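Q: My structure is below; once you've seen it, I'll send some questions.
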Amino acid sequence: MAMRFDGKVAIVTGAGGGLGREHALALAARGAKVVVNDLGGARDGSGASASAAEAVVAEIVAAGGEAIANAASVTDFEAVKAMVAEATAKWGSVDILVNNAGVLRDKSFAKMEIADFQFVMDVHVMGAVNCTKAVWDGMRERNYGRIVMTTSSSGLYGNFGQANYAAAKMALVGFMQTLSIEGAKNNIRVNSLAPTAHTRMTEDLGAALPLEALGPELVTPGLLYLVSENAPTRCILGAGAGGFERAYVTLTQGVRIVGDDAPEQVEAQFEAISDRAGEIVPEMGAAQGMIELTKAQKAHA
């Protein structure tokens, strides 16, 4: 059965080009009413123009879909609330939120200004927080919501010159982890998408990438699943070049070490501490404490 979004209302941030545009077009093609949000700034976040969002809306309307443009900055909570209010007034609800807006200000950490770190955190992290907060109560009231954070392999695994971007992208995974727990009773499913695609954000890397294989349209199928009726929750889905993978935050069983020589024993037994046999994917943060307390109890039995 074809995956459809008829009757659903979606907000896609950063949807004036690249991945966001593909997400918005695909959602609309499958029946969703779409708010195309894009500040219309440069890749580093400077400037603003509604023309990018309006162009995507024109594409959707020309194809027979429904969409409205919005040029709010995701860093402006009042503007974001107004965007959600407009969509709700026009279409009755917001069922899907795709937090896709982002910027790059790449430099090695030694050369990076604090302002560049702060700005990237503000757009990626607080932008997602602002948009999510603005739709959260409505989703809880209706007992339905699908939210996706856009994370990155840079955040999950690191990348030279992207300390600010990596920190922001990993923060979004932590945000997802807790929201998926808090939203479960109200059928709000929260996931993260880690895309690999050639867009304006990655154009400087062109010589190193097989661009013909990295179209953003090859990522969007994963996004559609993550916001569908049958979506999982708490999933980190990698997507790019037609490949799909799942990333996990895991925890080893570890070793219990106490005593005056504990520091030396941590060093001596670090290989055992790192042993991945019996590794788990914790359901919540308390799992670490439970593993540690269990070892302590066994030691005193």
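Going through the structure tokens in order, the chains are called A, B, and so on, while each chain numbers its residues from 1 and the ligands are numbered from 1 in the order shown.
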Could you give me, as a Markdown table, a per-residue list for region 93-128 of chain A showing, wherever an atom lies at most 10 Å from an atom of region 150-163 of chain A, the closest pair of atoms and their distance in Å to one decimal, using only C-alpha atoms and sorting by chain then residue number from low to high?

A:
```
| residue | atom | partner | partner_atom | distance |
| --- | --- | --- | --- | --- |
| A:Val98 | CA | A:Thr150 | CA | 7.8 |
| A:Asn99 | CA | A:Thr150 | CA | 6.1 |
| A:Asn100 | CA | A:Thr150 | CA | 5.5 |
| A:Ala101 | CA | A:Thr150 | CA | 8.3 |
| A:Gly102 | CA | A:Thr150 | CA | 8.8 |
| A:Leu104 | CA | A:Gln162 | CA | 8.4 |
| A:Arg105 | CA | A:Gln162 | CA | 7.9 |
| A:Asp106 | CA | A:Gln162 | CA | 5.4 |
| A:Lys107 | CA | A:Gly161 | CA | 4.6 |
| A:Ser108 | CA | A:Gly161 | CA | 4.1 |
| A:Phe109 | CA | A:Ala163 | CA | 6.2 |
| A:Ala110 | CA | A:Gly161 | CA | 9.3 |
| A:Lys111 | CA | A:Gly161 | CA | 9.3 |
| A:Met112 | CA | A:Gly161 | CA | 8.8 |
| A:Phe117 | CA | A:Ala163 | CA | 7.9 |
| A:Val120 | CA | A:Ala163 | CA | 10.0 |
| A:His124 | CA | A:Thr150 | CA | 8.6 |
| A:Ala128 | CA | A:Thr150 | CA | 9.0 |
```

Q: Would you mind exporting the chosen residues as a PDB file, in the first residue's frame, restricted to C-alpha atoms?

A:
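Dumped everything to again.pdb:
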```
ATOM      1  CA  VAL A  98      10.553  18.257  10.031  1.00  0.00           C
ATOM      2  CA  ASN A  99      13.348  20.202  11.746  1.00  0.00           C
ATOM      3  CA  ASN A 100      15.637  20.592   8.763  1.00  0.00           C
ATOM      4  CA  ALA A 101      16.848  24.219   8.920  1.00  0.00           C
ATOM      5  CA  GLY A 102      20.568  24.598   9.435  1.00  0.00           C
ATOM      6  CA  LEU A 104      27.413  25.972   8.491  1.00  0.00           C
ATOM      7  CA  ARG A 105      30.263  28.043   9.854  1.00  0.00           C
ATOM      8  CA  ASP A 106      33.128  25.566   9.548  1.00  0.00           C
ATOM      9  CA  LYS A 107      36.565  26.229  11.007  1.00  0.00           C
ATOM     10  CA  SER A 108      38.961  24.297  13.175  1.00  0.00           C
ATOM     11  CA  PHE A 109      38.143  24.846  16.839  1.00  0.00           C
ATOM     12  CA  ALA A 110      41.400  26.763  17.333  1.00  0.00           C
ATOM     13  CA  LYS A 111      40.326  29.318  14.726  1.00  0.00           C
ATOM     14  CA  MET A 112      36.603  29.369  15.506  1.00  0.00           C
ATOM     15  CA  PHE A 117      29.807  28.371  17.701  1.00  0.00           C
ATOM     16  CA  VAL A 120      25.264  27.348  14.818  1.00  0.00           C
ATOM     17  CA  HIS A 124      20.225  23.904  14.835  1.00  0.00           C
ATOM     18  CA  ALA A 128      14.481  22.718  16.604  1.00  0.00           C
TER      19      ALA A 128
END
```

Q: For the structure I just gave you, how does DSSP split region 71-294 of chain A - specifically, which residues are helix (DSSP H, G or I)? Reply as an mmCIF file with N, CA and C atoms, in the first residue's frame.

A:
```
data_model
loop_
_atom_site.group_PDB
_atom_site.id
_atom_site.type_symbol
_atom_site.label_atom_id
_atom_site.label_comp_id
_atom_site.auth_asym_id
_atom_site.auth_seq_id
_atom_site.Cartn_x
_atom_site.Cartn_y
_atom_site.Cartn_z
ATOM 1 N N PHE A 77 11.296 32.545 18.487
ATOM 2 C CA PHE A 77 10.201 31.727 18.997
ATOM 3 C C PHE A 77 8.835 32.344 18.717
ATOM 4 N N GLU A 78 8.733 33.651 18.836
ATOM 5 C CA GLU A 78 7.442 34.301 18.572
ATOM 6 C C GLU A 78 7.033 34.136 17.108
ATOM 7 N N ALA A 79 8.001 34.264 16.205
ATOM 8 C CA ALA A 79 7.706 34.081 14.788
ATOM 9 C C ALA A 79 7.334 32.638 14.482
ATOM 10 N N VAL A 80 7.992 31.707 15.159
ATOM 11 C CA VAL A 80 7.675 30.287 14.977
ATOM 12 C C VAL A 80 6.269 29.984 15.483
ATOM 13 N N LYS A 81 5.913 30.518 16.643
ATOM 14 C CA LYS A 81 4.558 30.326 17.164
ATOM 15 C C LYS A 81 3.517 30.889 16.198
ATOM 16 N N ALA A 82 3.822 32.025 15.601
ATOM 17 C CA ALA A 82 2.898 32.611 14.629
ATOM 18 C C ALA A 82 2.758 31.717 13.400
ATOM 19 N N MET A 83 3.855 31.089 12.975
ATOM 20 C CA MET A 83 3.807 30.153 11.842
ATOM 21 C C MET A 83 2.897 28.972 12.149
ATOM 22 N N VAL A 84 3.047 28.405 13.336
ATOM 23 C CA VAL A 84 2.211 27.268 13.736
ATOM 24 C C VAL A 84 0.748 27.699 13.855
ATOM 25 N N ALA A 85 0.520 28.889 14.394
ATOM 26 C CA ALA A 85 -0.849 29.397 14.523
ATOM 27 C C ALA A 85 -1.489 29.600 13.151
ATOM 28 N N GLU A 86 -0.709 30.090 12.192
ATOM 29 C CA GLU A 86 -1.228 30.293 10.837
ATOM 30 C C GLU A 86 -1.615 28.962 10.200
ATOM 31 N N ALA A 87 -0.753 27.970 10.327
ATOM 32 C CA ALA A 87 -1.045 26.655 9.750
ATOM 33 C C ALA A 87 -2.266 26.026 10.411
ATOM 34 N N THR A 88 -2.366 26.171 11.726
ATOM 35 C CA THR A 88 -3.497 25.592 12.453
ATOM 36 C C THR A 88 -4.791 26.285 12.090
ATOM 37 N N ALA A 89 -4.734 27.610 11.953
ATOM 38 C CA ALA A 89 -5.938 28.360 11.569
ATOM 39 C C ALA A 89 -6.395 28.001 10.162
ATOM 40 N N LYS A 90 -5.443 27.759 9.277
ATOM 41 C CA LYS A 90 -5.777 27.474 7.879
ATOM 42 C C LYS A 90 -6.237 26.035 7.674
ATOM 43 N N TRP A 91 -5.551 25.095 8.360
ATOM 44 C CA TRP A 91 -5.779 23.676 8.072
ATOM 45 C C TRP A 91 -6.206 22.842 9.280
ATOM 46 N N ILE A 114 33.776 32.300 19.139
ATOM 47 C CA ILE A 114 32.663 31.848 19.975
ATOM 48 C C ILE A 114 31.326 32.217 19.341
ATOM 49 N N ALA A 115 31.270 33.357 18.676
ATOM 50 C CA ALA A 115 30.024 33.778 18.028
ATOM 51 C C ALA A 115 29.593 32.787 16.956
ATOM 52 N N ASP A 116 30.562 32.198 16.240
ATOM 53 C CA ASP A 116 30.233 31.207 15.207
ATOM 54 C C ASP A 116 29.739 29.912 15.836
ATOM 55 N N PHE A 117 30.295 29.561 16.989
ATOM 56 C CA PHE A 117 29.807 28.371 17.701
ATOM 57 C C PHE A 117 28.384 28.614 18.201
ATOM 58 N N GLN A 118 28.172 29.764 18.814
ATOM 59 C CA GLN A 118 26.858 30.081 19.386
ATOM 60 C C GLN A 118 25.783 30.140 18.320
ATOM 61 N N PHE A 119 26.093 30.749 17.178
ATOM 62 C CA PHE A 119 25.085 30.910 16.129
ATOM 63 C C PHE A 119 24.649 29.561 15.560
ATOM 64 N N VAL A 120 25.602 28.676 15.340
ATOM 65 C CA VAL A 120 25.264 27.348 14.818
ATOM 66 C C VAL A 120 24.422 26.578 15.834
ATOM 67 N N MET A 121 24.757 26.683 17.106
ATOM 68 C CA MET A 121 23.943 26.045 18.147
ATOM 69 C C MET A 121 22.539 26.639 18.178
ATOM 70 N N ASP A 122 22.444 27.945 18.039
ATOM 71 C CA ASP A 122 21.136 28.610 18.079
ATOM 72 C C ASP A 122 20.230 28.141 16.952
ATOM 73 N N VAL A 123 20.777 28.062 15.739
ATOM 74 C CA VAL A 123 19.944 27.683 14.589
ATOM 75 C C VAL A 123 19.550 26.207 14.674
ATOM 76 N N HIS A 124 20.521 25.341 14.858
ATOM 77 C CA HIS A 124 20.225 23.904 14.835
ATOM 78 C C HIS A 124 19.473 23.446 16.078
ATOM 79 N N VAL A 125 19.991 23.799 17.244
ATOM 80 C CA VAL A 125 19.405 23.282 18.484
ATOM 81 C C VAL A 125 18.192 24.103 18.907
ATOM 82 N N MET A 126 18.388 25.390 19.155
ATOM 83 C CA MET A 126 17.248 26.192 19.599
ATOM 84 C C MET A 126 16.201 26.339 18.500
ATOM 85 N N GLY A 127 16.623 26.288 17.243
ATOM 86 C CA GLY A 127 15.643 26.304 16.159
ATOM 87 C C GLY A 127 14.721 25.108 16.242
ATOM 88 N N ALA A 128 15.294 23.934 16.460
ATOM 89 C CA ALA A 128 14.481 22.718 16.604
ATOM 90 C C ALA A 128 13.653 22.766 17.883
ATOM 91 N N VAL A 129 14.239 23.270 18.957
ATOM 92 C CA VAL A 129 13.495 23.393 20.218
ATOM 93 C C VAL A 129 12.304 24.333 20.044
ATOM 94 N N ASN A 130 12.534 25.482 19.424
ATOM 95 C CA ASN A 130 11.451 26.448 19.227
ATOM 96 C C ASN A 130 10.302 25.857 18.416
ATOM 97 N N CYS A 131 10.642 25.218 17.313
ATOM 98 C CA CYS A 131 9.599 24.654 16.445
ATOM 99 C C CYS A 131 8.865 23.508 17.142
ATOM 100 N N THR A 132 9.618 22.674 17.840
ATOM 101 C CA THR A 132 9.008 21.543 18.529
ATOM 102 C C THR A 132 8.110 22.013 19.663
ATOM 103 N N LYS A 133 8.574 22.991 20.418
ATOM 104 C CA LYS A 133 7.759 23.531 21.514
ATOM 105 C C LYS A 133 6.461 24.127 20.984
ATOM 106 N N ALA A 134 6.538 24.771 19.831
ATOM 107 C CA ALA A 134 5.361 25.428 19.265
ATOM 108 C C ALA A 134 4.288 24.442 18.812
ATOM 109 N N VAL A 135 4.685 23.219 18.445
ATOM 110 C CA VAL A 135 3.693 22.228 17.991
ATOM 111 C C VAL A 135 3.352 21.194 19.066
ATOM 112 N N TRP A 136 4.132 21.135 20.126
ATOM 113 C CA TRP A 136 4.048 20.035 21.085
ATOM 114 C C TRP A 136 2.677 19.923 21.751
ATOM 115 N N ASP A 137 2.173 21.032 22.288
ATOM 116 C CA ASP A 137 0.892 20.969 23.003
ATOM 117 C C ASP A 137 -0.254 20.550 22.087
ATOM 118 N N GLY A 138 -0.245 21.053 20.860
ATOM 119 C CA GLY A 138 -1.287 20.664 19.914
ATOM 120 C C GLY A 138 -1.228 19.184 19.581
ATOM 121 N N MET A 139 -0.029 18.659 19.430
ATOM 122 C CA MET A 139 0.119 17.222 19.161
ATOM 123 C C MET A 139 -0.346 16.401 20.363
ATOM 124 N N ARG A 140 -0.036 16.849 21.551
ATOM 125 C CA ARG A 140 -0.485 16.136 22.754
ATOM 126 C C ARG A 140 -2.013 16.138 22.853
ATOM 127 N N GLU A 141 -2.613 17.275 22.563
ATOM 128 C CA GLU A 141 -4.075 17.371 22.641
ATOM 129 C C GLU A 141 -4.755 16.449 21.641
ATOM 130 N N ARG A 142 -4.167 16.309 20.468
ATOM 131 C CA ARG A 142 -4.773 15.482 19.415
ATOM 132 C C ARG A 142 -4.286 14.034 19.463
ATOM 133 N N SER A 153 26.208 12.576 10.633
ATOM 134 C CA SER A 153 27.334 11.720 11.001
ATOM 135 C C SER A 153 28.444 12.540 11.658
ATOM 136 N N SER A 154 28.506 13.834 11.342
ATOM 137 C CA SER A 154 29.487 14.704 12.001
ATOM 138 C C SER A 154 29.223 14.784 13.493
ATOM 139 N N GLY A 155 27.953 14.814 13.877
ATOM 140 C CA GLY A 155 27.602 14.826 15.284
ATOM 141 C C GLY A 155 27.781 13.474 15.932
ATOM 142 N N LEU A 156 27.381 12.432 15.228
ATOM 143 C CA LEU A 156 27.461 11.087 15.786
ATOM 144 C C LEU A 156 28.902 10.608 15.930
ATOM 145 N N TYR A 157 29.753 11.003 14.989
ATOM 146 C CA TYR A 157 31.107 10.437 14.947
ATOM 147 C C TYR A 157 32.230 11.467 14.837
ATOM 148 N N ALA A 163 33.323 21.458 14.916
ATOM 149 C CA ALA A 163 33.027 21.292 16.341
ATOM 150 C C ALA A 163 31.667 21.882 16.692
ATOM 151 N N ASN A 164 31.357 23.041 16.117
ATOM 152 C CA ASN A 164 30.058 23.677 16.412
ATOM 153 C C ASN A 164 28.906 22.865 15.825
ATOM 154 N N TYR A 165 29.034 22.500 14.573
ATOM 155 C CA TYR A 165 27.992 21.731 13.883
ATOM 156 C C TYR A 165 27.803 20.359 14.527
ATOM 157 N N ALA A 166 28.917 19.704 14.867
ATOM 158 C CA ALA A 166 28.854 18.375 15.473
ATOM 159 C C ALA A 166 28.186 18.428 16.841
ATOM 160 N N ALA A 167 28.533 19.429 17.640
ATOM 161 C CA ALA A 167 27.922 19.561 18.963
ATOM 162 C C ALA A 167 26.418 19.779 18.843
ATOM 163 N N ALA A 168 26.026 20.602 17.883
ATOM 164 C CA ALA A 168 24.600 20.877 17.684
ATOM 165 C C ALA A 168 23.864 19.625 17.227
ATOM 166 N N LYS A 169 24.449 18.898 16.308
ATOM 167 C CA LYS A 169 23.774 17.728 15.755
ATOM 168 C C LYS A 169 23.655 16.595 16.769
ATOM 169 N N MET A 170 24.638 16.454 17.648
ATOM 170 C CA MET A 170 24.519 15.431 18.686
ATOM 171 C C MET A 170 23.526 15.865 19.757
ATOM 172 N N ALA A 171 23.439 17.161 20.014
ATOM 173 C CA ALA A 171 22.455 17.664 20.971
ATOM 174 C C ALA A 171 21.039 17.297 20.532
ATOM 175 N N LEU A 172 20.803 17.325 19.234
ATOM 176 C CA LEU A 172 19.480 16.990 18.720
ATOM 177 C C LEU A 172 19.134 15.529 18.969
ATOM 178 N N VAL A 173 20.138 14.656 18.988
ATOM 179 C CA VAL A 173 19.882 13.246 19.298
ATOM 180 C C VAL A 173 19.425 13.108 20.746
ATOM 181 N N GLY A 174 20.081 13.816 21.666
ATOM 182 C CA GLY A 174 19.653 13.786 23.050
ATOM 183 C C GLY A 174 18.256 14.348 23.228
ATOM 184 N N PHE A 175 17.950 15.403 22.498
ATOM 185 C CA PHE A 175 16.610 15.992 22.512
ATOM 186 C C PHE A 175 15.577 14.966 22.056
ATOM 187 N N MET A 176 15.886 14.271 20.975
ATOM 188 C CA MET A 176 14.999 13.224 20.470
ATOM 189 C C MET A 176 14.800 12.106 21.490
ATOM 190 N N GLN A 177 15.882 11.688 22.135
ATOM 191 C CA GLN A 177 15.793 10.574 23.076
ATOM 192 C C GLN A 177 14.757 10.858 24.166
ATOM 193 N N THR A 178 14.800 12.049 24.728
ATOM 194 C CA THR A 178 13.871 12.380 25.804
ATOM 195 C C THR A 178 12.464 12.640 25.281
ATOM 196 N N LEU A 179 12.338 13.340 24.171
ATOM 197 C CA LEU A 179 10.995 13.610 23.636
ATOM 198 C C LEU A 179 10.278 12.333 23.242
ATOM 199 N N SER A 180 11.023 11.339 22.757
ATOM 200 C CA SER A 180 10.374 10.081 22.377
ATOM 201 C C SER A 180 9.783 9.390 23.599
ATOM 202 N N ILE A 181 10.424 9.554 24.742
ATOM 203 C CA ILE A 181 9.893 8.999 25.990
ATOM 204 C C ILE A 181 8.669 9.792 26.440
ATOM 205 N N GLU A 182 8.800 11.110 26.464
ATOM 206 C CA GLU A 182 7.716 11.962 26.955
ATOM 207 C C GLU A 182 6.503 11.964 26.025
ATOM 208 N N GLY A 183 6.729 11.761 24.734
ATOM 209 C CA GLY A 183 5.623 11.817 23.783
ATOM 210 C C GLY A 183 4.909 10.501 23.557
ATOM 211 N N ALA A 184 5.448 9.416 24.086
ATOM 212 C CA ALA A 184 4.923 8.077 23.773
ATOM 213 C C ALA A 184 3.447 7.923 24.125
ATOM 214 N N LYS A 185 3.038 8.414 25.283
ATOM 215 C CA LYS A 185 1.650 8.204 25.715
ATOM 216 C C LYS A 185 0.655 8.976 24.864
ATOM 217 N N ASN A 186 1.138 9.963 24.110
ATOM 218 C CA ASN A 186 0.261 10.745 23.240
ATOM 219 C C ASN A 186 0.492 10.456 21.763
ATOM 220 N N ARG A 200 23.489 22.746 -1.251
ATOM 221 C CA ARG A 200 24.240 23.985 -1.098
ATOM 222 C C ARG A 200 25.151 23.928 0.132
ATOM 223 N N MET A 201 24.712 23.178 1.165
ATOM 224 C CA MET A 201 25.486 23.079 2.398
ATOM 225 C C MET A 201 26.812 22.347 2.187
ATOM 226 N N THR A 202 26.879 21.472 1.188
ATOM 227 C CA THR A 202 28.079 20.656 0.994
ATOM 228 C C THR A 202 28.802 20.959 -0.309
ATOM 229 N N GLU A 203 28.465 22.047 -0.960
ATOM 230 C CA GLU A 203 28.990 22.263 -2.306
ATOM 231 C C GLU A 203 30.515 22.424 -2.329
ATOM 232 N N ASP A 204 31.108 22.902 -1.250
ATOM 233 C CA ASP A 204 32.556 23.058 -1.232
ATOM 234 C C ASP A 204 33.294 21.723 -1.207
ATOM 235 N N LEU A 205 32.590 20.646 -0.899
ATOM 236 C CA LEU A 205 33.198 19.322 -0.833
ATOM 237 C C LEU A 205 33.086 18.573 -2.162
ATOM 238 N N GLY A 206 32.583 19.255 -3.168
ATOM 239 C CA GLY A 206 32.222 18.617 -4.427
ATOM 240 C C GLY A 206 33.292 17.746 -5.045
ATOM 241 N N ALA A 207 34.531 18.190 -5.000
ATOM 242 C CA ALA A 207 35.593 17.435 -5.656
ATOM 243 C C ALA A 207 35.826 16.080 -4.995
ATOM 244 N N ALA A 208 35.409 15.958 -3.734
ATOM 245 C CA ALA A 208 35.669 14.722 -3.007
ATOM 246 C C ALA A 208 34.487 13.761 -2.996
ATOM 247 N N LEU A 211 28.998 13.243 -6.819
ATOM 248 C CA LEU A 211 27.786 14.053 -6.684
ATOM 249 C C LEU A 211 26.568 13.426 -7.343
ATOM 250 N N GLU A 212 26.784 12.714 -8.439
ATOM 251 C CA GLU A 212 25.643 12.128 -9.141
ATOM 252 C C GLU A 212 24.940 11.071 -8.292
ATOM 253 N N ALA A 213 25.636 10.544 -7.288
ATOM 254 C CA ALA A 213 25.050 9.499 -6.439
ATOM 255 C C ALA A 213 24.470 10.054 -5.145
ATOM 256 N N PRO A 216 19.689 14.766 -3.005
ATOM 257 C CA PRO A 216 18.867 14.804 -1.797
ATOM 258 C C PRO A 216 17.590 13.992 -1.915
ATOM 259 N N GLU A 217 17.117 13.775 -3.138
ATOM 260 C CA GLU A 217 15.901 12.981 -3.329
ATOM 261 C C GLU A 217 16.092 11.527 -2.898
ATOM 262 N N LEU A 218 17.352 11.088 -2.781
ATOM 263 C CA LEU A 218 17.624 9.718 -2.344
ATOM 264 C C LEU A 218 17.559 9.572 -0.822
ATOM 265 N N THR A 220 15.102 11.449 1.017
ATOM 266 C CA THR A 220 13.723 11.724 1.403
ATOM 267 C C THR A 220 12.865 10.487 1.675
ATOM 268 N N PRO A 221 13.043 9.361 0.984
ATOM 269 C CA PRO A 221 12.243 8.187 1.347
ATOM 270 C C PRO A 221 12.356 7.804 2.823
ATOM 271 N N GLY A 222 13.541 7.950 3.377
ATOM 272 C CA GLY A 222 13.716 7.671 4.795
ATOM 273 C C GLY A 222 12.947 8.650 5.663
ATOM 274 N N LEU A 223 12.965 9.909 5.271
ATOM 275 C CA LEU A 223 12.208 10.924 6.000
ATOM 276 C C LEU A 223 10.715 10.615 5.983
ATOM 277 N N LEU A 224 10.210 10.225 4.819
ATOM 278 C CA LEU A 224 8.782 9.935 4.715
ATOM 279 C C LEU A 224 8.378 8.807 5.665
ATOM 280 N N TYR A 225 9.198 7.790 5.771
ATOM 281 C CA TYR A 225 8.880 6.713 6.703
ATOM 282 C C TYR A 225 8.881 7.208 8.149
ATOM 283 N N LEU A 226 9.845 8.049 8.489
ATOM 284 C CA LEU A 226 9.960 8.522 9.873
ATOM 285 C C LEU A 226 8.809 9.428 10.302
ATOM 286 N N ALA A 262 41.777 2.129 42.337
ATOM 287 C CA ALA A 262 40.748 2.147 41.281
ATOM 288 C C ALA A 262 41.202 2.856 40.007
ATOM 289 N N PRO A 263 41.875 4.005 40.109
ATOM 290 C CA PRO A 263 42.333 4.636 38.861
ATOM 291 C C PRO A 263 43.247 3.723 38.051
ATOM 292 N N GLU A 264 44.159 3.065 38.751
ATOM 293 C CA GLU A 264 45.080 2.161 38.061
ATOM 294 C C GLU A 264 44.342 0.955 37.476
ATOM 295 N N GLN A 265 43.297 0.507 38.192
ATOM 296 C CA GLN A 265 42.528 -0.629 37.704
ATOM 297 C C GLN A 265 41.663 -0.256 36.498
ATOM 298 N N VAL A 266 41.154 0.967 36.494
ATOM 299 C CA VAL A 266 40.412 1.420 35.308
ATOM 300 C C VAL A 266 41.326 1.375 34.092
ATOM 301 N N GLU A 267 42.567 1.828 34.277
ATOM 302 C CA GLU A 267 43.536 1.772 33.185
ATOM 303 C C GLU A 267 43.835 0.327 32.796
ATOM 304 N N ALA A 268 44.074 -0.519 33.786
ATOM 305 C CA ALA A 268 44.455 -1.903 33.523
ATOM 306 C C ALA A 268 43.329 -2.696 32.875
ATOM 307 N N PHE A 270 40.750 -1.416 31.084
ATOM 308 C CA PHE A 270 39.985 -0.624 30.116
ATOM 309 C C PHE A 270 39.495 -1.466 28.940
ATOM 310 N N GLU A 271 40.262 -2.471 28.556
ATOM 311 C CA GLU A 271 39.826 -3.351 27.468
ATOM 312 C C GLU A 271 38.577 -4.122 27.867
ATOM 313 N N ALA A 272 38.527 -4.597 29.109
ATOM 314 C CA ALA A 272 37.347 -5.313 29.598
ATOM 315 C C ALA A 272 36.151 -4.371 29.721
ATOM 316 N N ILE A 273 36.414 -3.147 30.171
ATOM 317 C CA ILE A 273 35.346 -2.144 30.261
ATOM 318 C C ILE A 273 34.748 -1.882 28.886
ATOM 319 N N ALA A 286 18.518 5.906 32.975
ATOM 320 C CA ALA A 286 18.650 5.157 34.222
ATOM 321 C C ALA A 286 19.292 3.794 34.025
ATOM 322 N N ALA A 287 19.359 3.317 32.783
ATOM 323 C CA ALA A 287 19.944 1.995 32.522
ATOM 324 C C ALA A 287 21.395 1.926 32.972
ATOM 325 N N GLN A 288 22.115 3.008 32.795
ATOM 326 C CA GLN A 288 23.521 3.007 33.219
ATOM 327 C C GLN A 288 23.609 2.778 34.722
ATOM 328 N N GLY A 289 22.822 3.524 35.481
ATOM 329 C CA GLY A 289 22.826 3.365 36.928
ATOM 330 C C GLY A 289 22.407 1.970 37.367
ATOM 331 N N MET A 290 21.442 1.392 36.655
ATOM 332 C CA MET A 290 20.983 0.048 37.003
ATOM 333 C C MET A 290 22.086 -0.982 36.793
ATOM 334 N N ILE A 291 22.828 -0.868 35.703
ATOM 335 C CA ILE A 291 23.941 -1.783 35.449
ATOM 336 C C ILE A 291 24.979 -1.650 36.554
ATOM 337 N N GLU A 292 25.275 -0.410 36.933
ATOM 338 C CA GLU A 292 26.292 -0.161 37.953
ATOM 339 C C GLU A 292 25.844 -0.675 39.324
ATOM 340 N N LEU A 293 24.569 -0.426 39.662
ATOM 341 C CA LEU A 293 24.052 -0.888 40.959
ATOM 342 C C LEU A 293 23.974 -2.418 41.018
ATOM 343 N N THR A 294 23.640 -3.026 39.882
ATOM 344 C CA THR A 294 23.579 -4.493 39.842
ATOM 345 C C THR A 294 24.942 -5.107 40.122
#
```

Q: Hey, which of A:Ile11, A:Ala24, A:Val190, A:Ser93 ends up closest to Ala72 (chain A)? Count only C-alpha atoms.

A: A:Ile11

Q: Write out as a ChimeraX atom specification the residues lying within 9 Å of Glu229 (chain A), counting only C-alpha atoms and excluding same-chain residues fewer than 2 positions away.

A: /A:3-5,146,225-227,231

Q: Could you tell me, as a PyMOL selection string, which residues of region 99-218 of chain A DSSP assigns to strand (DSSP E or B) when given the backbone?

A: chain A and resi 99+107+145-150+162+188-196

Q: Just the number, please: distance in Å from CA of Ser274 (chain A) to CA of Ile257 (chain A), one decimal.

A: 13.8 Å
